[in-house]
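Printed here is upload.txt (compact mmCIF, C-alpha atoms):
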# COMPACT_ATOMS: atom_id res chain seq x y z
CA MET D 1 107.82 108.95 126.56
CA ARG D 2 107.15 109.00 122.83
CA ALA D 3 105.32 106.77 120.38
CA PHE D 4 105.82 106.73 116.62
CA ILE D 5 102.50 106.23 114.82
CA PHE D 6 101.76 105.45 111.17
CA PRO D 7 98.66 106.32 109.10
CA GLY D 8 96.32 104.02 107.22
CA GLN D 9 94.45 104.06 103.94
CA GLY D 10 92.84 107.31 102.87
CA SER D 11 95.93 109.44 103.51
CA GLN D 12 97.22 109.05 99.95
CA SER D 13 97.40 112.04 97.58
CA ILE D 14 99.03 112.92 94.28
CA GLY D 15 102.49 114.36 94.90
CA MET D 16 102.99 112.47 98.14
CA GLY D 17 106.67 112.00 98.85
CA GLN D 18 107.83 114.27 96.02
CA LEU D 19 109.31 116.99 98.23
CA LEU D 20 110.97 114.32 100.35
CA ALA D 21 112.53 112.68 97.31
CA GLU D 22 113.85 116.03 96.10
CA ALA D 23 115.34 116.86 99.48
CA SER D 24 116.67 113.51 100.70
CA GLY D 25 118.69 110.73 99.15
CA LYS D 26 117.51 108.40 101.89
CA ALA D 27 113.90 109.05 100.91
CA ARG D 28 114.72 108.43 97.24
CA ASP D 29 116.32 105.14 98.24
CA VAL D 30 113.10 104.06 99.97
CA PHE D 31 110.97 104.81 96.92
CA GLY D 32 113.45 103.06 94.65
CA GLU D 33 113.55 99.94 96.81
CA VAL D 34 109.75 99.76 96.90
CA ASP D 35 109.57 100.15 93.10
CA ASP D 36 112.09 97.32 92.71
CA ALA D 37 110.26 95.09 95.20
CA LEU D 38 106.98 95.51 93.34
CA SER D 39 108.51 95.53 89.83
CA PHE D 40 106.33 98.57 89.27
CA GLY D 41 106.89 102.33 89.18
CA LEU D 42 104.78 103.10 92.23
CA SER D 43 106.78 106.25 92.97
CA ARG D 44 105.78 107.69 89.58
CA VAL D 45 102.11 107.06 90.35
CA MET D 46 102.59 108.70 93.75
CA ALA D 47 104.19 111.75 92.15
CA ASP D 48 102.09 112.16 89.02
CA GLY D 49 98.97 110.04 89.30
CA PRO D 50 96.49 109.41 87.89
CA ILE D 51 94.51 109.53 91.12
CA ASP D 52 92.44 106.49 90.10
CA ALA D 53 95.61 104.42 89.97
CA LEU D 54 96.91 105.73 93.30
CA THR D 55 93.64 105.07 95.11
CA LEU D 56 93.53 101.43 94.00
CA THR D 57 93.87 99.56 97.26
CA GLU D 58 96.80 97.50 95.95
CA ASN D 59 98.71 100.73 95.21
CA ALA D 60 97.50 102.96 98.04
CA GLN D 61 98.61 100.56 100.78
CA PRO D 62 102.30 100.21 99.77
CA ALA D 63 102.38 103.90 98.75
CA ILE D 64 101.30 105.11 102.20
CA MET D 65 103.81 102.80 103.83
CA ALA D 66 106.65 103.93 101.52
CA ASN D 67 105.87 107.57 102.20
CA ALA D 68 105.88 107.04 105.97
CA ILE D 69 109.17 105.12 105.97
CA ALA D 70 110.74 107.66 103.60
CA THR D 71 109.70 110.43 106.00
CA LEU D 72 111.27 108.61 108.93
CA ARG D 73 114.53 107.85 107.10
CA ALA D 74 114.79 111.36 105.69
CA ALA D 75 114.75 112.62 109.28
CA GLU D 76 117.86 110.52 109.94
CA ILE D 77 116.83 109.87 113.51
CA ASP D 78 116.90 106.55 115.29
CA PRO D 79 113.24 105.78 116.01
CA VAL D 80 114.20 103.15 118.53
CA ALA D 81 116.38 105.53 120.51
CA LYS D 82 113.77 108.28 120.31
CA SER D 83 110.60 106.31 121.06
CA SER D 84 109.21 103.73 123.44
CA PHE D 85 106.40 102.26 121.33
CA PHE D 86 105.18 101.92 117.76
CA ALA D 87 101.63 101.73 116.44
CA GLY D 88 99.87 102.02 113.10
CA HIS D 89 96.29 102.33 111.91
CA SER D 90 95.30 99.29 109.81
CA LEU D 91 97.94 99.05 107.05
CA GLY D 92 99.99 101.45 109.19
CA GLU D 93 100.71 98.50 111.45
CA TYR D 94 102.93 97.14 108.66
CA SER D 95 104.69 100.52 108.41
CA ALA D 96 105.25 100.44 112.16
CA LEU D 97 106.75 96.96 112.00
CA CYS D 98 109.04 98.03 109.18
CA ALA D 99 110.14 101.09 111.17
CA ALA D 100 110.81 98.87 114.18
CA SER D 101 113.00 96.54 112.05
CA ALA D 102 110.64 93.57 112.39
CA ILE D 103 109.94 93.27 108.63
CA ASP D 104 112.29 94.57 105.94
CA LEU D 105 111.13 97.26 103.53
CA SER D 106 110.88 95.12 100.38
CA ALA D 107 108.91 92.41 102.15
CA THR D 108 106.59 95.01 103.68
CA ALA D 109 105.86 96.48 100.25
CA ARG D 110 105.09 93.07 98.75
CA LEU D 111 102.86 92.11 101.69
CA LEU D 112 100.86 95.31 101.36
CA ARG D 113 100.45 94.90 97.61
CA GLN D 114 99.12 91.37 98.25
CA ARG D 115 96.97 92.58 101.13
CA GLY D 116 95.41 95.26 98.98
CA GLN D 117 94.68 92.83 96.17
CA ALA D 118 93.20 90.26 98.55
CA MET D 119 90.99 92.78 100.34
CA GLN D 120 89.68 94.15 97.04
CA ALA D 121 88.94 90.67 95.70
CA ALA D 122 87.21 89.40 98.86
CA VAL D 123 83.85 91.05 98.12
CA PRO D 124 82.38 91.83 94.67
CA VAL D 125 82.28 95.56 93.95
CA GLY D 126 78.98 97.05 95.08
CA GLU D 127 78.09 94.38 97.64
CA GLY D 128 79.86 95.99 100.57
CA ALA D 129 80.15 99.48 102.02
CA MET D 130 81.51 101.49 104.94
CA ALA D 131 80.19 104.54 106.77
CA ALA D 132 81.55 106.95 109.34
CA LEU D 133 79.40 107.63 112.38
CA LEU D 134 80.31 111.07 113.69
CA GLY D 135 79.51 112.20 117.19
CA ALA D 136 79.01 108.57 118.16
CA SER D 137 80.74 106.59 120.87
CA VAL D 138 81.71 102.98 120.28
CA GLU D 139 78.73 101.91 122.40
CA ILE D 140 76.33 103.85 120.18
CA GLY D 141 78.06 102.47 117.11
CA GLU D 142 77.61 98.91 118.33
CA LYS D 143 73.89 99.48 118.92
CA ILE D 144 73.44 100.99 115.45
CA ALA D 145 75.37 98.15 113.79
CA GLU D 146 73.39 95.49 115.64
CA ALA D 147 70.04 97.10 114.76
CA ALA D 148 70.98 97.58 111.10
CA ALA D 149 72.40 94.10 110.46
CA GLN D 150 69.11 92.22 110.00
CA ASN D 151 70.86 88.94 109.13
CA GLU D 152 73.56 90.72 107.13
CA THR D 153 77.04 91.76 108.23
CA CYS D 154 77.31 95.15 109.93
CA ALA D 155 80.09 95.75 112.43
CA ILE D 156 82.41 98.40 113.78
CA ALA D 157 85.54 98.42 111.65
CA ASN D 158 87.40 101.33 113.28
CA ASP D 159 87.06 102.81 116.76
CA ASN D 160 89.04 105.95 115.91
CA ASP D 161 88.35 108.38 118.74
CA PRO D 162 85.60 109.22 121.26
CA GLY D 163 83.38 110.76 118.57
CA GLN D 164 84.19 108.78 115.43
CA VAL D 165 83.55 105.16 114.63
CA VAL D 166 83.43 103.49 111.22
CA ILE D 167 81.09 100.63 110.39
CA SER D 168 81.54 98.05 107.64
CA GLY D 169 79.48 95.29 106.05
CA HIS D 170 76.89 94.51 103.41
CA ARG D 171 75.74 97.60 101.52
CA GLY D 172 72.10 97.16 102.52
CA ALA D 173 73.00 96.96 106.20
CA ILE D 174 75.23 100.03 105.99
CA GLU D 175 72.48 102.00 104.24
CA ARG D 176 70.04 101.01 106.98
CA ALA D 177 72.57 102.11 109.60
CA ILE D 178 72.92 105.50 107.96
CA GLU D 179 69.14 105.97 107.99
CA MET D 180 68.77 105.13 111.68
CA ALA D 181 72.01 106.69 112.96
CA ARG D 182 70.64 110.07 114.10
CA GLU D 183 67.66 108.51 115.86
CA MET D 184 70.05 106.28 117.79
CA GLY D 185 72.39 109.01 118.97
CA ALA D 186 74.92 109.76 116.23
CA LYS D 187 75.24 113.35 115.00
CA ARG D 188 75.91 112.36 111.40
CA ALA D 189 76.46 109.27 109.27
CA ILE D 190 78.47 109.48 106.05
CA LEU D 191 78.88 106.80 103.40
CA LEU D 192 82.61 106.47 102.72
CA PRO D 193 84.08 106.35 99.19
CA VAL D 194 85.80 102.98 99.61
CA SER D 195 86.00 100.04 97.25
CA ALA D 196 85.43 97.26 99.79
CA PRO D 197 84.06 96.67 103.32
CA PHE D 198 87.31 96.48 105.28
CA HIS D 199 87.76 95.09 108.81
CA CYS D 200 84.63 92.97 109.02
CA ALA D 201 83.73 89.30 108.60
CA LEU D 202 83.29 89.75 104.83
CA MET D 203 87.08 90.02 104.59
CA ALA D 204 87.55 86.36 105.63
CA PRO D 205 88.86 85.32 102.18
CA ALA D 206 91.50 88.05 102.40
CA ALA D 207 92.51 86.86 105.86
CA GLU D 208 93.16 83.39 104.44
CA VAL D 209 95.37 84.88 101.72
CA MET D 210 97.33 86.90 104.25
CA ALA D 211 97.78 83.90 106.54
CA GLN D 212 99.53 82.12 103.69
CA ALA D 213 101.56 85.18 102.69
CA LEU D 214 102.68 85.98 106.24
CA ALA D 215 103.69 82.36 106.84
CA LYS D 216 106.35 82.77 104.16
CA VAL D 217 107.79 86.05 105.45
CA SER D 218 110.50 86.48 108.05
CA ILE D 219 109.24 88.55 110.99
CA GLY D 220 111.70 89.52 113.69
CA GLN D 221 111.11 90.93 117.12
CA PRO D 222 110.40 94.67 116.82
CA LEU D 223 113.00 96.77 118.58
CA ARG D 224 110.25 98.45 120.56
CA PRO D 225 106.80 97.01 121.42
CA LEU D 226 104.01 97.40 118.89
CA TYR D 227 100.50 98.25 120.08
CA ALA D 228 98.41 95.89 117.97
CA ASN D 229 95.15 97.03 116.36
CA VAL D 230 93.05 94.05 117.36
CA THR D 231 94.13 93.89 121.01
CA ALA D 232 95.18 97.48 121.82
CA GLN D 233 98.02 95.86 123.76
CA PRO D 234 101.81 95.78 123.26
CA VAL D 235 103.33 92.81 121.48
CA GLN D 236 106.86 91.80 120.48
CA ALA D 237 106.73 88.02 119.88
CA PRO D 238 107.03 87.39 116.10
CA ASP D 239 104.57 84.49 116.03
CA THR D 240 101.98 86.55 117.89
CA ILE D 241 102.51 89.48 115.53
CA ARG D 242 101.93 87.19 112.55
CA GLU D 243 98.69 85.89 114.09
CA LEU D 244 97.45 89.38 114.92
CA LEU D 245 98.15 90.67 111.41
CA VAL D 246 95.89 87.92 110.06
CA ARG D 247 93.17 88.70 112.62
CA GLN D 248 93.44 92.39 111.77
CA VAL D 249 92.02 91.83 108.26
CA THR D 250 88.58 90.98 109.66
CA GLY D 251 88.97 92.54 113.11
CA ARG D 252 88.23 95.94 114.58
CA VAL D 253 90.93 98.59 114.51
CA ARG D 254 90.94 99.56 118.18
CA TRP D 255 92.78 102.84 117.66
CA ARG D 256 91.16 104.87 120.45
CA GLU D 257 91.89 102.10 122.95
CA SER D 258 95.47 101.82 121.69
CA VAL D 259 96.06 105.55 122.17
CA VAL D 260 94.62 105.42 125.69
CA ALA D 261 96.71 102.35 126.51
CA MET D 262 99.91 104.02 125.31
CA ALA D 263 99.11 107.07 127.42
CA GLU D 264 98.53 104.84 130.43
CA ALA D 265 101.95 103.30 129.75
CA GLY D 266 103.50 106.77 129.98
CA VAL D 267 103.41 108.16 126.42
CA THR D 268 102.92 111.92 126.32
CA HIS D 269 104.19 112.66 122.79
CA PHE D 270 102.80 111.02 119.64
CA ILE D 271 104.75 111.48 116.40
CA GLU D 272 102.86 110.69 113.18
CA LEU D 273 104.98 109.93 110.13
CA GLY D 274 103.83 110.72 106.60
CA ALA D 275 100.40 112.30 107.12
CA LYS D 276 98.26 114.49 109.36
CA VAL D 277 95.41 112.04 109.90
CA LEU D 278 96.05 110.26 113.19
CA GLY D 279 97.17 113.38 115.03
CA PRO D 280 93.66 114.88 115.23
CA MET D 281 92.28 111.53 116.41
CA VAL D 282 94.89 111.43 119.17
CA LYS D 283 94.05 114.99 120.25
CA ARG D 284 90.33 114.21 120.39
CA THR D 285 91.14 111.20 122.55
CA LEU D 286 93.84 112.85 124.68
CA PRO D 287 93.43 116.65 124.55
CA ASP D 288 96.54 117.22 126.67
CA ALA D 289 98.86 115.02 124.59
CA LEU D 290 101.64 116.52 122.50
CA VAL D 291 101.14 115.53 118.85
CA THR D 292 103.59 116.11 116.00
CA SER D 293 102.62 115.25 112.41
CA VAL D 294 105.59 115.04 110.06
CA VAL D 295 104.99 115.33 106.30
CA THR D 296 107.26 117.94 104.67
CA PRO D 297 111.01 118.60 104.85
CA ASP D 298 110.20 121.61 107.04
CA ASP D 299 108.27 119.31 109.39
CA ILE D 300 111.31 117.03 109.51
CA ASP D 301 113.62 119.93 110.39
CA ALA D 302 111.28 120.96 113.19
CA LEU D 303 111.10 117.39 114.52
CA VAL D 304 114.87 116.98 114.55
CA LYS D 305 115.22 120.19 116.56
CA GLU D 306 112.46 119.07 118.92
CA LEU D 307 114.10 115.71 119.60

What do you get writing this file as structure tokens?
Amino acid sequence: MRAFIFPGQGSQSIGMGQLLAEASGKARDVFGEVDDALSFGLSRVMADGPIDALTLTENAQPAIMANAIATLRAAEIDPVAKSSFFAGHSLGEYSALCAASAIDLSATARLLRQRGQAMQAAVPVGEGAMAALLGASVEIGEKIAEAAAQNETCAIANDNDPGQVVISGHRGAIERAIEMAREMGAKRAILLPVSAPFHCALMAPAAEVMAQALAKVSIGQPLRPLYANVTAQPVQAPDTIRELLVRQVTGRVRWRESVVAMAEAGVTHFIELGAKVLGPMVKRTLPDALVTSVVTPDDIDALVKEL
């Protein structure tokens, strides 16, 4: 069994999608539709920069989604016929739902633009932070976050794999966590270059914005089950998907648990579309799993032959 998986924020780079657009009319159509949906030349920013513009959360989120969907459509394979499940990391959950025909491409782009704006606006710049705890299990991460909080917000934002968790919250709490991380069992703690403290309680204002936005969008039943970030369980009911997307803004991305759950359901092959970020996380979680990361036209040719 196969699962199609979709990357989250941080996988953006100047030139992303350019080779795809040159090689595939279907990829060009994706970038054109996203530009039209946003009334903004996002594809030009993706191709040429500047990097400051691309890394703005409101641009990075729809750009990563567009690149992933363009990669999938350029392959001209039926993801439903070739996979049993879909999953995405944070914003990648929207890409997964688009790929599974639950939300159309234009609506997905607009939702991610709004999501990025809302998440950036939720906390004044400088008040929040995130850090990666390397060589730390989720249990160690929880102990560090609890000890560092001291009446501020400090929580696990991402449980990525058995040796990598990300914490999020008030800057002071995150700085305390970094200082105490080694003493409490982590190998390293690294402050992340992010503009806001994603996936923690400080994102509550953004969750309210997304609840209103998602209420206005048509969500269909995905053609294959989606493993949701906040539950690490499969879901297909549109109303439940809408609720979980709202909860995801403040909730933990339970990626490691999702990967394990998909493996327990029979998945042996994970196919990442648009980046090579989730593949290493999957391999650290499931060393024996087959992982294919598809980014370039050559990667697409290899995937088509493999399937």

Exercise. Quick one: everything within 12 Å of Ala3 of chain D, counting all atoms listed in the file, minus sequence neighbours fewer than 6 positions away in the same chain. Send it as a ChimeraX atom specification.
Key: /D:79-88,96,99-100,224-227,234,258-259,261-263,265-273,279,282,289-293

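Across D:Glu146, D:Asp159, D:Asp104, D:Glu152, the tightest approach to Met180 of chain D is made by D:Glu146 when counting only C-alpha atoms.
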
Exercise. Write out as a PyMOL selection string which residues come within 7 Å of Cys200 of chain D when counting all atoms listed in the file, dropping same-chain ones fewer than 6 positions away.
Key: chain D and resi 155+157+168-169+250-251

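Of the residues listed (D:Ala196, D:Gly92, D:Ala70, D:Ser106), D:Ala196 shows the shortest atom-to-atom separation from Gly126 of chain D; distances use only C-alpha atoms.
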
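Remark: for Ser95 of chain D, the closest of the candidate residues D:Met65, D:Leu133, D:Ala107, D:Leu72 is D:Met65 (distances computed over all atoms listed in the file).
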
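A straight line drawn from atom CA of Leu192 of chain D to atom CA of Leu38 of chain D is 28.3 Å long.
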
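The spacing separating atom CA of Gly274 of chain D from atom CA of Arg73 of chain D amounts to 11.1 Å.
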
Self-check item: Gap from atom CA of Leu105 of chain D to atom CA of Pro197 of chain D - Å, one decimal
Solution: 27.1 Å

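In this comparison, which uses only C-alpha atoms, the residue of D:Ala215, D:Ser137, D:Tyr94, D:Gly15 approaching Pro50 of chain D most closely is D:Gly15.
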
Practice problem: Find the residue from D:Ile103, D:Leu111, D:Ile140, D:Leu191 that sits nearest to Met210 of chain D; use only C-alpha atoms when measuring. | Solution: D:Leu111

Exercise. Identify which of the residues D:Leu20, D:Ile5, D:Val34, D:Leu307 lies closest to Leu278 of chain D, counting all atoms listed in the file when measuring atom-to-atom distances.
Key: D:Ile5

Quiz prompt | Shell around Ala102 of chain D at 6 Å using only C-alpha atoms, local window under 2 positions removed, as a PyMOL selection string | solution = chain D and resi 97-98+100+219-222

Self-check item: Val125 of chain D environment, 10 Å, only C-alpha atoms, sequence neighbours closer than 3 positions dropped, as a ChimeraX atom specification
Solution: /D:120-122,128-129,194-197
